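The structure under discussion appears below in the form of structure tokens.
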2 protein chains.
Amino acid sequence: MAEKEVTGGARHFLQMMIQSPVGWLDGTGEYPGIVISSRVRLARNLKGIPFSHRASREQLEEVQLQLRNAQGENKFLKNAIFLDTSELTDIDKQFMVERNLVSPDFLEKKGARGLLVGEKEIVSIMINEEDHVRLQGLHSGFQPKDVWRIIDRIDDELSGSLEYAFSDEFGYLTACPTNTGTGLRASILIHLPALVLTQEIDKVLRGITQVGLAVRGFYGEGTAVLGNLFQISNQTTLGQSEEDIINSLERVTKQIIEFEQNARKTLLKDAQPQIEDKIWRAYGIVKNARVLTSQEFMNLSSAIRLGVAMGMIPDVTVQTINQLMIETQPSHLQKRAGKKMEPAERDIYRADFVRKILSG
Amino acid sequence: MAEKEVTGGARHFLQMMIQSPVGWLDGTGEYPGIVISSRVRLARNLKGIPFSHRASREQLEEVQLQLRNAQGENKFLKNAIFLDTSELTDIDKQFMVERNLVSPDFLEKKGARGLLVGEKEIVSIMINEEDHVRLQGLHSGFQPKDVWRIIDRIDDELSGSLEYAFSDEFGYLTACPTNTGTGLRASILIHLPALVLTQEIDKVLRGITQVGLAVRGFYGEGTAVLGNLFQISNQTTLGQSEEDIINSLERVTKQIIEFEQNARKTLLKDAQPQIEDKIWRAYGIVKNARVLTSQEFMNLSSAIRLGVAMGMIPDVTVQTINQLMIETQPSHLQKRAGKKMEPAERDIYRADFVRKILSG
């Protein structure tokens with residue numbers, strides 16, 4: 001009976017997610033005109049149970065059970081919703097990926113895999129992904145330290161109920177050695193259109209990798225750069241304290257924010273009509289198009305985001321652009337429409353949706 | 001004194017032209033959604049005076065004097081304004097070309113050359129162009145017969161005051177043999193975006209030339225096709241009556257109008273979202289751009305004109321698009337601004353002007 005109630009709640013939650021507020025899209029935090037979001041995730045594994053890819057069905061269930069019990073005792077997580085990935089439709093699965101709550105691989109795996117989602121999706125846990133526990137904090141704007149503080153406290157509390165696999169020599173043990181040590185990956189999703197336009201971006205990206213950080217596209221490793229959005233994250237998890245990792249990411253990102261701010265000033269000084277033209281045309285197109293691909297929207301929304309950040313388009317907020325970025329993606333559109341749609345049909349639906357939102 | 005008064009009136013007229021109503025742009029006449037304008041011109045020369053390119057200064061002056069005298073006695077022309085081309089600034093000259101009142105060559109010629117412009121610019125006369133008299137009737141929409149009737153009557157009346165060079169064998173004699181005979185050139189400025197989109201245009205244009213008509217771009221011989229605007233005109237002036245020439249042009253044009261109407265229906269049936277998308281994007285761009293070249297505006301205005309004709313854009317009239325087509329051209333913008341502008345400056349001014357007009 002209790003299990004059924006949870007499932008019912010999960011189903012309702014899944015239905016409501018399309019309209020629920022999403023913390024990391026709300027345009028709060030520092031530098032909302034440049035930084036979309038700050039993310040921190042911790043990889044943890046339970047002592048005495050093989051890593052997920054080697055664990056038996058029963059062992060995966062054991063992990064899930066322990067996590068669910070720990071959840072109930074955790075003051076940050078006790079109201080989180082549990083979603084059993086085996087109960088998700090294909091559209092729901094892709095929806096979760098678009099929402100940045102899960103990795104695509106995770107959803108294809110069999111056995112006891114689940115997801116815990118906290119209020120406004122700021123905190124979430126993937127259960128039995130590559131590691132038994134992938135605890136994620138994701139919030140809007142530039143606030144890696146605040147996000148880290150939340151995740152650190154949840155981790156502390158969880159470690160009171162769970163016994164983690166830990167080595168005095170290496171730190172937290174993980175399925176992939178690149179995560180061993182702190183198990184911490186912190187990343188910043190940042191919008192750098194001016195550095196792209198002034199062609200300084202390659203130099204800046206080289207600088208980032210030279211100080212030991214990684215740069216990826218919007219949807220993580222191996223994805224293309226869309227809409228001038230870059231994800232900057234730490235590479236190493238071993239041999240540095242959590243604070244050092246967060247501080248280093250914060251310091252470098254602040255530097256990049258300054259570069260972007262300067263590039264925006266340069267553009268306004270040297271090519272104001274051209275920049276304004278680019279921004280207003282993008283706005284004019286998305287407000288009028290009747291057919292709009294996801295990729296085109298991402299690229300046009302980059303110019304609009306820049307215009308909003310520069311105060312040129314007073315009718316649009318950062319939050320609106322953030323939400324559109326996610327809500328125009330294929331599974332979000334299909335969940336909203338309540339049906340499967342072919343790409344051509346989606347492109348029409350997307351154009352209608354964007355027009356509706358931007359016309360207030 | 002009398003001469004000074006006329007010059008003063010001409011100067012005032014030149015200043016006011018930018019704001020004066022222009023008959024051929026007002027969106028009246030038949031098929032205004034497809035046919036921009038109907039034009040008829042007659043070439044005439046005065047008996048006993050060499051053609052303009054061989055005439056002496058005094059002979060050119062004699063032609064002009066005779067024309068001015070005939071004008072005063074002509075009930076259609078007596079209120080026409082006389083403009084001495086030697087008094088025009090470079091911007092005024094180009095402005096007249098943009099307005100379809102003169103040929104570019106005409107304005108570079110020395111000696112007594114003048115222009116008579118009637119009410120709403122529907123009737124005009126170039127004095128001492130290639131021929132002594134080039135009488136033009138230009139009105140909006142598809143009405144070649146009505147325009148011909150006006151021009152025919154003016155010609156009749158003028159021939160009461162003037163003695164034309166005429167041969168019983170050849171008809172009216174002209175500087176270039178291609179105009180000899182009736183001296184009549186009739187043309188239709190037509191918008192054929194659907195035939196271009198359905199790729200039927202080449203076949204249609206071939207058909208036009210096969211029946212002995214000519215097709216040119218917007219600004220006459222040798223100009224590129226801009227904005228899917230085509231000018232269809234008669235080739236031969238000899239061996240056919242004026243009525244036959246007009247009837248033939250009318251018949252062929254009606255056929256082309258029908259082809260275009262069918263192509264528009266086909267587009268709506270087979271690719272409605274794509275056509276609507278093309279139209280609304282063009283509208284969104286011109287309503288938002290901050291930099292706009294003349295050529296880009298011409299091409300975007302083609303899609304908008306199609307949208308207006310199809311009833312998709314209720315806020316815009318055919319007249320507005322017709323006027324913008326002319327008023328966004330370089331000299332029109334410079335006359336409006338009251339100063340010379342470099343191309344880059346014009347592109348910004350043009351975008352501002354279009355935005356202002358389309359925002360009501």
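By order of appearance in the structure tokens: chains A, B, ..., then residues from 1 within every chain, and ligands from 1 in the order shown.
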With the cut-off set at 10 Å and counting only C-alpha atoms, tabulate each residue of chain B with an atom at most that distance from an atom of chain A, showing the nearest atom pair and its distance in Å to one decimal, ordered by chain and increasing number, as JSON lines.
```
{"residue": "B:Gln272", "atom": "CA", "partner": "A:Arg290", "partner_atom": "CA", "distance": 9.7}
{"residue": "B:Pro273", "atom": "CA", "partner": "A:Arg290", "partner_atom": "CA", "distance": 6.2}
{"residue": "B:Gln274", "atom": "CA", "partner": "A:Val291", "partner_atom": "CA", "distance": 6.8}
{"residue": "B:Ile275", "atom": "CA", "partner": "A:Arg290", "partner_atom": "CA", "distance": 8.8}
{"residue": "B:Glu276", "atom": "CA", "partner": "A:Arg290", "partner_atom": "CA", "distance": 6.3}
{"residue": "B:Asp277", "atom": "CA", "partner": "A:Arg290", "partner_atom": "CA", "distance": 4.3}
{"residue": "B:Lys278", "atom": "CA", "partner": "A:Ala289", "partner_atom": "CA", "distance": 7.6}
{"residue": "B:Ile279", "atom": "CA", "partner": "A:Ala289", "partner_atom": "CA", "distance": 8.5}
{"residue": "B:Trp280", "atom": "CA", "partner": "A:Asn288", "partner_atom": "CA", "distance": 5.2}
{"residue": "B:Arg281", "atom": "CA", "partner": "A:Ile285", "partner_atom": "CA", "distance": 5.2}
{"residue": "B:Ala282", "atom": "CA", "partner": "A:Ile285", "partner_atom": "CA", "distance": 7.9}
{"residue": "B:Tyr283", "atom": "CA", "partner": "A:Asn288", "partner_atom": "CA", "distance": 7.5}
{"residue": "B:Gly284", "atom": "CA", "partner": "A:Gly284", "partner_atom": "CA", "distance": 4.2}
{"residue": "B:Ile285", "atom": "CA", "partner": "A:Arg281", "partner_atom": "CA", "distance": 5.2}
{"residue": "B:Val286", "atom": "CA", "partner": "A:Arg281", "partner_atom": "CA", "distance": 8.0}
{"residue": "B:Lys287", "atom": "CA", "partner": "A:Gly284", "partner_atom": "CA", "distance": 7.0}
{"residue": "B:Asn288", "atom": "CA", "partner": "A:Trp280", "partner_atom": "CA", "distance": 5.2}
{"residue": "B:Ala289", "atom": "CA", "partner": "A:Asp277", "partner_atom": "CA", "distance": 5.1}
{"residue": "B:Arg290", "atom": "CA", "partner": "A:Asp277", "partner_atom": "CA", "distance": 4.3}
{"residue": "B:Val291", "atom": "CA", "partner": "A:Asp277", "partner_atom": "CA", "distance": 5.8}
{"residue": "B:Leu292", "atom": "CA", "partner": "A:Asp277", "partner_atom": "CA", "distance": 8.7}
{"residue": "B:Ala344", "atom": "CA", "partner": "A:Pro273", "partner_atom": "CA", "distance": 9.9}
{"residue": "B:Glu345", "atom": "CA", "partner": "A:Pro273", "partner_atom": "CA", "distance": 9.9}
{"residue": "B:Asp347", "atom": "CA", "partner": "A:Pro273", "partner_atom": "CA", "distance": 9.8}
{"residue": "B:Ile348", "atom": "CA", "partner": "A:Pro273", "partner_atom": "CA", "distance": 7.3}
{"residue": "B:Ala351", "atom": "CA", "partner": "A:Asp277", "partner_atom": "CA", "distance": 9.2}
```
Practice task
Pull the helix (DSSP H, G or I) assignments for range 129-313 of chain B out of DSSP run on the backbone, and list those residues as number ranges by chain.
Solution key: B: 144-161, 177-179, 193-197, 201-210, 242-288, 294-309
Could you write out chain A as a short mmCIF file (atom, residue, chain, number, x, y, z; two decimals) with C-alpha atoms, in the first residue's frame once it has been least-squares superposed on chain B using every ordered C-alpha pair?
```cif
data_model
loop_
_atom_site.label_atom_id
_atom_site.label_comp_id
_atom_site.auth_asym_id
_atom_site.auth_seq_id
_atom_site.Cartn_x
_atom_site.Cartn_y
_atom_site.Cartn_z
CA MET A 1 10.26 87.37 -62.94
CA ALA A 2 7.92 84.67 -64.21
CA GLU A 3 10.88 82.30 -64.56
CA LYS A 4 11.94 82.91 -60.97
CA GLU A 5 8.47 82.20 -59.68
CA VAL A 6 8.45 78.87 -61.48
CA THR A 7 11.83 78.01 -60.06
CA GLY A 8 10.63 78.90 -56.58
CA GLY A 9 7.59 76.68 -57.08
CA ALA A 10 9.79 73.88 -58.37
CA ARG A 11 12.05 74.13 -55.34
CA HIS A 12 9.08 73.97 -53.00
CA PHE A 13 7.71 71.05 -55.00
CA LEU A 14 11.03 69.21 -54.71
CA GLN A 15 11.02 69.72 -50.97
CA MET A 16 7.46 68.51 -50.62
CA MET A 17 7.79 65.49 -52.92
CA ILE A 18 9.07 63.27 -50.09
CA GLN A 19 5.70 63.70 -48.39
CA SER A 20 3.46 64.01 -51.44
CA PRO A 21 0.99 61.28 -52.39
CA VAL A 22 2.22 59.14 -55.27
CA GLY A 23 -0.54 57.72 -57.43
CA TRP A 24 1.19 54.58 -58.54
CA LEU A 25 1.99 53.49 -54.96
CA ASP A 26 -1.48 53.86 -53.48
CA GLY A 27 -2.52 50.23 -53.84
CA THR A 28 -5.59 50.94 -55.97
CA GLY A 29 -6.38 49.39 -59.35
CA GLU A 30 -7.04 45.75 -60.11
CA TYR A 31 -5.03 42.92 -58.48
CA PRO A 32 -3.14 45.22 -56.10
CA GLY A 33 -1.80 42.15 -54.28
CA ILE A 34 0.04 41.02 -57.41
CA VAL A 35 0.41 44.00 -59.73
CA ILE A 36 2.25 47.03 -58.36
CA SER A 37 1.71 49.38 -61.27
CA SER A 38 0.85 49.89 -64.91
CA ARG A 39 2.88 52.23 -67.06
CA VAL A 40 2.48 53.63 -70.59
CA ARG A 41 4.94 55.92 -72.29
CA LEU A 42 4.94 57.55 -75.68
CA ALA A 43 8.06 58.71 -77.55
CA ARG A 44 7.55 61.79 -79.74
CA ASN A 45 9.83 64.20 -81.57
CA LEU A 46 9.21 67.63 -83.02
CA LYS A 47 9.27 67.96 -86.76
CA GLY A 48 12.24 69.84 -88.21
CA ILE A 49 14.44 69.62 -85.12
CA PRO A 50 17.23 67.00 -84.88
CA PHE A 51 16.85 64.27 -82.24
CA SER A 52 18.12 65.33 -78.83
CA HIS A 53 21.58 63.77 -79.13
CA ARG A 54 22.22 65.68 -82.37
CA ALA A 55 20.44 68.88 -81.46
CA SER A 56 22.34 72.08 -80.67
CA ARG A 57 21.90 73.91 -77.40
CA GLU A 58 19.51 76.34 -79.11
CA GLN A 59 17.50 73.54 -80.67
CA LEU A 60 17.09 71.82 -77.29
CA GLU A 61 15.91 75.14 -75.90
CA GLU A 62 13.48 75.46 -78.80
CA VAL A 63 12.03 72.02 -77.98
CA GLN A 64 11.69 72.94 -74.34
CA LEU A 65 10.02 76.24 -75.20
CA GLN A 66 7.50 74.55 -77.49
CA LEU A 67 6.73 71.96 -74.83
CA ARG A 68 6.25 74.57 -72.11
CA ASN A 69 3.90 76.51 -74.38
CA ALA A 70 1.95 73.36 -75.22
CA GLN A 71 1.78 72.54 -71.53
CA GLY A 72 0.11 75.81 -70.73
CA GLU A 73 -2.63 75.09 -73.27
CA ASN A 74 -3.09 71.44 -72.21
CA LYS A 75 -5.91 70.83 -69.77
CA PHE A 76 -4.19 67.73 -68.32
CA LEU A 77 -0.79 69.34 -67.97
CA LYS A 78 -1.41 73.00 -67.22
CA ASN A 79 -0.94 72.46 -63.47
CA ALA A 80 2.09 70.23 -63.90
CA ILE A 81 5.30 71.38 -62.24
CA PHE A 82 8.33 72.05 -64.43
CA LEU A 83 11.73 70.98 -63.12
CA ASP A 84 14.91 72.07 -64.90
CA THR A 85 17.31 69.15 -64.51
CA SER A 86 20.30 71.50 -64.33
CA GLU A 87 18.90 72.86 -61.08
CA LEU A 88 18.65 69.48 -59.38
CA THR A 89 21.12 68.35 -56.73
CA ASP A 90 22.65 64.88 -57.02
CA ILE A 91 20.28 63.58 -54.36
CA ASP A 92 17.29 65.12 -56.16
CA LYS A 93 18.36 63.48 -59.40
CA GLN A 94 18.67 60.04 -57.85
CA PHE A 95 15.40 60.70 -56.05
CA MET A 96 13.66 61.24 -59.40
CA VAL A 97 15.11 57.97 -60.69
CA GLU A 98 13.90 56.12 -57.60
CA ARG A 99 10.51 57.70 -58.14
CA ASN A 100 10.39 56.23 -61.67
CA LEU A 101 10.02 59.69 -63.18
CA VAL A 102 13.24 59.79 -65.17
CA SER A 103 15.93 57.54 -66.59
CA PRO A 104 19.41 57.74 -65.00
CA ASP A 105 21.03 58.75 -68.33
CA PHE A 106 18.68 61.67 -68.79
CA LEU A 107 19.97 63.50 -65.74
CA GLU A 108 23.59 63.43 -66.83
CA LYS A 109 22.91 65.19 -70.10
CA LYS A 110 23.76 68.89 -70.52
CA GLY A 111 21.58 71.55 -72.08
CA ALA A 112 17.90 72.28 -71.82
CA ARG A 113 16.46 69.18 -70.25
CA GLY A 114 13.38 69.34 -68.13
CA LEU A 115 10.71 67.36 -66.47
CA LEU A 116 7.00 68.03 -66.19
CA VAL A 117 5.26 66.33 -63.28
CA GLY A 118 1.50 66.20 -62.96
CA GLU A 119 -0.72 65.59 -59.96
CA LYS A 120 0.27 62.56 -57.85
CA GLU A 121 3.02 61.96 -60.41
CA ILE A 122 0.61 59.91 -62.50
CA VAL A 123 1.52 61.83 -65.66
CA SER A 124 4.98 63.16 -66.44
CA ILE A 125 7.06 64.26 -69.40
CA MET A 126 10.80 64.09 -69.88
CA ILE A 127 11.82 66.87 -72.26
CA ASN A 128 14.86 66.18 -74.43
CA GLU A 129 15.61 62.73 -73.22
CA GLU A 130 16.54 60.32 -76.05
CA ASP A 131 13.45 61.72 -77.76
CA HIS A 132 12.19 65.28 -77.50
CA VAL A 133 9.10 64.14 -75.68
CA ARG A 134 8.74 61.14 -73.43
CA LEU A 135 5.20 61.22 -72.11
CA GLN A 136 4.62 58.80 -69.23
CA GLY A 137 1.50 57.62 -67.47
CA LEU A 138 2.08 55.53 -64.33
CA HIS A 139 -0.64 54.33 -61.99
CA SER A 140 -1.13 51.66 -59.38
CA GLY A 141 -2.41 48.12 -59.83
CA PHE A 142 -3.44 46.50 -63.08
CA GLN A 143 -4.99 49.18 -65.26
CA PRO A 144 -2.98 49.47 -68.49
CA LYS A 145 -6.06 50.45 -70.53
CA ASP A 146 -7.02 53.28 -68.20
CA VAL A 147 -3.48 54.60 -68.17
CA TRP A 148 -3.35 54.31 -71.94
CA ARG A 149 -6.60 56.27 -72.27
CA ILE A 150 -5.18 59.16 -70.21
CA ILE A 151 -1.92 59.23 -72.15
CA ASP A 152 -3.72 58.94 -75.47
CA ARG A 153 -5.88 61.97 -74.67
CA ILE A 154 -2.92 64.05 -73.53
CA ASP A 155 -1.04 63.05 -76.67
CA ASP A 156 -4.01 64.02 -78.82
CA GLU A 157 -4.21 67.40 -77.20
CA LEU A 158 -0.43 67.97 -77.39
CA SER A 159 -0.44 67.12 -81.07
CA GLY A 160 -2.83 70.03 -81.53
CA SER A 161 -0.10 72.44 -80.38
CA LEU A 162 3.00 70.59 -81.52
CA GLU A 163 3.96 69.25 -84.91
CA TYR A 164 5.37 65.75 -84.45
CA ALA A 165 7.89 64.05 -86.71
CA PHE A 166 5.74 61.46 -88.44
CA SER A 167 6.13 59.22 -91.46
CA ASP A 168 3.17 57.72 -93.26
CA GLU A 169 5.25 54.62 -93.81
CA PHE A 170 6.78 54.18 -90.31
CA GLY A 171 4.57 56.21 -88.01
CA TYR A 172 6.16 58.36 -85.30
CA LEU A 173 9.89 58.78 -85.86
CA THR A 174 12.18 58.24 -82.89
CA ALA A 175 15.87 58.51 -82.06
CA CYS A 176 16.12 54.75 -81.63
CA PRO A 177 14.39 52.61 -84.29
CA THR A 178 13.06 50.24 -81.61
CA ASN A 179 10.61 52.96 -80.63
CA THR A 180 9.54 53.98 -84.11
CA GLY A 181 5.92 53.41 -85.12
CA THR A 182 3.56 53.91 -82.25
CA GLY A 183 6.34 55.15 -79.95
CA LEU A 184 4.47 53.23 -77.31
CA ARG A 185 5.96 51.23 -74.49
CA ALA A 186 3.52 49.78 -72.00
CA SER A 187 4.68 47.85 -68.98
CA ILE A 188 3.37 46.13 -65.88
CA LEU A 189 5.33 45.87 -62.65
CA ILE A 190 4.30 42.55 -61.18
CA HIS A 191 5.15 40.62 -58.02
CA LEU A 192 5.60 36.89 -58.58
CA PRO A 193 6.94 35.38 -55.34
CA ALA A 194 4.89 32.18 -55.52
CA LEU A 195 6.06 31.39 -59.06
CA VAL A 196 9.63 31.92 -57.82
CA LEU A 197 9.09 29.69 -54.77
CA THR A 198 7.48 26.93 -56.80
CA GLN A 199 10.31 27.27 -59.33
CA GLU A 200 7.86 27.77 -62.19
CA ILE A 201 9.14 31.28 -62.88
CA ASP A 202 11.68 30.37 -65.59
CA LYS A 203 9.02 28.58 -67.61
CA VAL A 204 6.67 31.53 -67.24
CA LEU A 205 9.36 34.06 -68.23
CA ARG A 206 10.28 31.98 -71.28
CA GLY A 207 6.62 31.96 -72.26
CA ILE A 208 6.48 35.74 -71.99
CA THR A 209 9.44 36.29 -74.30
CA GLN A 210 8.10 33.72 -76.74
CA VAL A 211 4.96 35.81 -77.31
CA GLY A 212 7.12 38.85 -78.09
CA LEU A 213 7.05 40.62 -74.73
CA ALA A 214 10.10 41.56 -72.68
CA VAL A 215 10.83 40.95 -68.98
CA ARG A 216 13.14 43.15 -66.94
CA GLY A 217 14.02 43.86 -63.30
CA PHE A 218 12.40 46.61 -61.28
CA TYR A 219 14.52 49.50 -62.51
CA GLY A 220 14.34 48.66 -66.18
CA GLU A 221 16.74 47.25 -68.72
CA GLY A 222 19.82 45.53 -67.32
CA THR A 223 18.78 45.76 -63.68
CA ALA A 224 18.68 42.73 -61.44
CA VAL A 225 15.46 41.16 -60.24
CA LEU A 226 14.96 42.40 -56.69
CA GLY A 227 12.13 41.38 -54.40
CA ASN A 228 10.60 39.06 -57.01
CA LEU A 229 9.40 42.11 -58.96
CA PHE A 230 9.26 41.78 -62.72
CA GLN A 231 8.55 44.34 -65.37
CA ILE A 232 6.70 43.00 -68.39
CA SER A 233 6.54 45.20 -71.48
CA ASN A 234 5.98 45.14 -75.21
CA GLN A 235 9.06 44.73 -77.43
CA THR A 236 7.72 45.98 -80.73
CA THR A 237 6.24 49.37 -81.44
CA LEU A 238 5.91 49.03 -85.19
CA GLY A 239 3.28 47.20 -87.22
CA GLN A 240 0.75 47.01 -84.41
CA SER A 241 -1.87 49.52 -83.35
CA GLU A 242 -1.66 51.02 -79.87
CA GLU A 243 -4.79 49.08 -78.90
CA ASP A 244 -3.25 45.82 -80.08
CA ILE A 245 -0.12 46.46 -78.00
CA ILE A 246 -2.11 47.25 -74.87
CA ASN A 247 -4.50 44.34 -75.43
CA SER A 248 -1.70 41.88 -75.93
CA LEU A 249 0.12 43.04 -72.78
CA GLU A 250 -3.14 42.90 -70.84
CA ARG A 251 -3.99 39.41 -72.04
CA VAL A 252 -0.57 37.94 -71.26
CA THR A 253 -0.38 39.65 -67.87
CA LYS A 254 -3.81 38.30 -66.92
CA GLN A 255 -2.52 34.85 -67.72
CA ILE A 256 0.53 35.39 -65.50
CA ILE A 257 -1.65 36.73 -62.70
CA GLU A 258 -3.62 33.50 -62.90
CA PHE A 259 -0.43 31.43 -62.78
CA GLU A 260 0.70 33.36 -59.71
CA GLN A 261 -2.68 32.96 -58.03
CA ASN A 262 -2.56 29.22 -58.64
CA ALA A 263 1.00 29.00 -57.36
CA ARG A 264 -0.07 30.81 -54.17
CA LYS A 265 -2.88 28.31 -53.69
CA THR A 266 -0.46 25.44 -54.23
CA LEU A 267 1.94 26.85 -51.66
CA LEU A 268 -0.83 27.22 -49.10
CA LYS A 269 -2.01 23.69 -49.77
CA ASP A 270 1.40 22.00 -49.76
CA ALA A 271 3.52 24.09 -47.42
CA GLN A 272 1.36 26.42 -45.36
CA PRO A 273 3.53 26.43 -42.20
CA GLN A 274 6.69 27.06 -44.23
CA ILE A 275 5.07 29.90 -46.18
CA GLU A 276 3.61 31.48 -43.08
CA ASP A 277 6.97 31.09 -41.39
CA LYS A 278 8.79 32.81 -44.26
CA ILE A 279 6.31 35.68 -44.26
CA TRP A 280 6.21 36.24 -40.51
CA ARG A 281 9.97 35.98 -40.13
CA ALA A 282 10.44 38.64 -42.79
CA TYR A 283 7.93 40.82 -40.97
CA GLY A 284 9.62 40.13 -37.62
CA ILE A 285 13.01 41.06 -39.02
CA VAL A 286 12.03 44.35 -40.64
CA LYS A 287 10.04 45.34 -37.55
CA ASN A 288 13.06 44.74 -35.33
CA ALA A 289 16.24 45.22 -37.36
CA ARG A 290 18.57 48.08 -36.45
CA VAL A 291 20.62 47.85 -39.65
CA LEU A 292 18.93 47.18 -42.99
CA THR A 293 20.38 47.39 -46.49
CA SER A 294 18.19 48.43 -49.40
CA GLN A 295 18.62 45.07 -51.08
CA GLU A 296 17.71 43.11 -47.96
CA PHE A 297 14.65 45.24 -47.44
CA MET A 298 13.53 44.64 -51.03
CA ASN A 299 13.88 40.90 -50.56
CA LEU A 300 12.16 40.82 -47.17
CA SER A 301 9.40 43.11 -48.38
CA SER A 302 8.61 40.53 -51.05
CA ALA A 303 7.60 38.03 -48.38
CA ILE A 304 5.69 40.70 -46.47
CA ARG A 305 3.88 41.81 -49.63
CA LEU A 306 2.86 38.20 -50.21
CA GLY A 307 1.63 37.97 -46.63
CA VAL A 308 -0.37 41.17 -46.98
CA ALA A 309 -1.86 39.98 -50.27
CA MET A 310 -2.81 36.66 -48.67
CA GLY A 311 -4.47 38.44 -45.75
CA MET A 312 -1.99 37.09 -43.22
CA ILE A 313 -0.71 40.45 -41.96
CA PRO A 314 -3.81 42.53 -41.34
CA ASP A 315 -1.88 45.46 -39.82
CA VAL A 316 -0.12 46.33 -43.07
CA THR A 317 -1.65 47.61 -46.31
CA VAL A 318 -0.43 47.18 -49.87
CA GLN A 319 0.01 50.96 -50.00
CA THR A 320 2.37 50.89 -47.00
CA ILE A 321 4.54 48.22 -48.59
CA ASN A 322 4.52 50.03 -51.95
CA GLN A 323 5.58 53.27 -50.32
CA LEU A 324 8.26 51.61 -48.21
CA MET A 325 9.68 49.98 -51.35
CA ILE A 326 10.37 53.45 -52.74
CA GLU A 327 10.91 55.40 -49.56
CA THR A 328 13.65 53.08 -48.27
CA GLN A 329 15.82 53.79 -51.28
CA PRO A 330 19.03 55.78 -50.76
CA SER A 331 17.99 59.19 -52.05
CA HIS A 332 14.55 59.04 -50.52
CA LEU A 333 16.18 58.42 -47.14
CA GLN A 334 18.67 61.23 -47.64
CA LYS A 335 15.96 63.65 -48.71
CA ARG A 336 13.95 62.68 -45.65
CA ALA A 337 16.96 63.11 -43.37
CA GLY A 338 17.81 66.37 -45.11
CA LYS A 339 21.47 65.43 -45.47
CA LYS A 340 23.92 63.24 -47.32
CA MET A 341 24.53 59.91 -45.62
CA GLU A 342 27.11 57.19 -46.15
CA PRO A 343 25.72 53.70 -46.86
CA ALA A 344 26.37 52.47 -43.27
CA GLU A 345 24.54 55.47 -41.85
CA ARG A 346 21.69 54.97 -44.31
CA ASP A 347 21.28 51.32 -43.27
CA ILE A 348 20.66 52.42 -39.69
CA TYR A 349 18.36 55.27 -40.76
CA ARG A 350 16.46 52.86 -43.05
CA ALA A 351 15.93 50.34 -40.24
CA ASP A 352 14.66 53.12 -37.94
CA PHE A 353 12.35 54.46 -40.63
CA VAL A 354 10.86 51.06 -41.49
CA ARG A 355 10.33 50.27 -37.81
CA LYS A 356 8.58 53.58 -37.28
CA ILE A 357 6.27 53.10 -40.25
CA LEU A 358 5.41 49.48 -39.42
CA SER A 359 4.76 50.26 -35.77
CA GLY A 360 2.10 52.70 -36.94
#
```
Problem - Secondary structure check, strand (DSSP E) residues of range 80-281 of chain B, as a PyMOL selection string - result: chain B and resi 81-84+114-117+123-127+133-140+166-167+171-172+184-191+213-216+229-234
Write a file of the selected residues as a short mmCIF file (atom, residue, chain, number, x, y, z; two decimals), in the first residue's frame, keeping C-alpha atoms.
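Written output follows (part_13.cif):
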```cif
data_model
loop_
_atom_site.label_atom_id
_atom_site.label_comp_id
_atom_site.auth_asym_id
_atom_site.auth_seq_id
_atom_site.Cartn_x
_atom_site.Cartn_y
_atom_site.Cartn_z
CA ILE B 81 5.29 71.38 -62.24
CA PHE B 82 8.33 72.03 -64.43
CA LEU B 83 11.72 70.97 -63.12
CA ASP B 84 14.88 72.07 -64.89
CA GLY B 114 13.39 69.33 -68.13
CA LEU B 115 10.71 67.35 -66.47
CA LEU B 116 7.00 68.03 -66.18
CA VAL B 117 5.26 66.32 -63.28
CA VAL B 123 1.51 61.82 -65.68
CA SER B 124 4.97 63.17 -66.45
CA ILE B 125 7.06 64.25 -69.41
CA MET B 126 10.80 64.08 -69.88
CA ILE B 127 11.83 66.86 -72.25
CA VAL B 133 9.11 64.13 -75.66
CA ARG B 134 8.74 61.13 -73.42
CA LEU B 135 5.21 61.20 -72.11
CA GLN B 136 4.62 58.79 -69.22
CA GLY B 137 1.50 57.58 -67.47
CA LEU B 138 2.05 55.53 -64.34
CA HIS B 139 -0.65 54.33 -62.00
CA SER B 140 -1.15 51.65 -59.39
CA PHE B 166 5.77 61.46 -88.41
CA SER B 167 6.17 59.27 -91.46
CA GLY B 171 4.61 56.24 -88.01
CA TYR B 172 6.19 58.37 -85.27
CA LEU B 184 4.47 53.21 -77.31
CA ARG B 185 5.96 51.20 -74.50
CA ALA B 186 3.52 49.76 -71.99
CA SER B 187 4.67 47.83 -68.96
CA ILE B 188 3.34 46.10 -65.90
CA LEU B 189 5.31 45.85 -62.65
CA ILE B 190 4.28 42.53 -61.18
CA HIS B 191 5.13 40.60 -58.03
CA LEU B 213 7.03 40.60 -74.72
CA ALA B 214 10.10 41.54 -72.66
CA VAL B 215 10.82 40.92 -68.97
CA ARG B 216 13.13 43.13 -66.94
CA LEU B 229 9.38 42.09 -58.96
CA PHE B 230 9.25 41.76 -62.72
CA GLN B 231 8.52 44.33 -65.38
CA ILE B 232 6.69 42.97 -68.39
CA SER B 233 6.52 45.17 -71.47
CA ASN B 234 5.97 45.13 -75.20
#
```
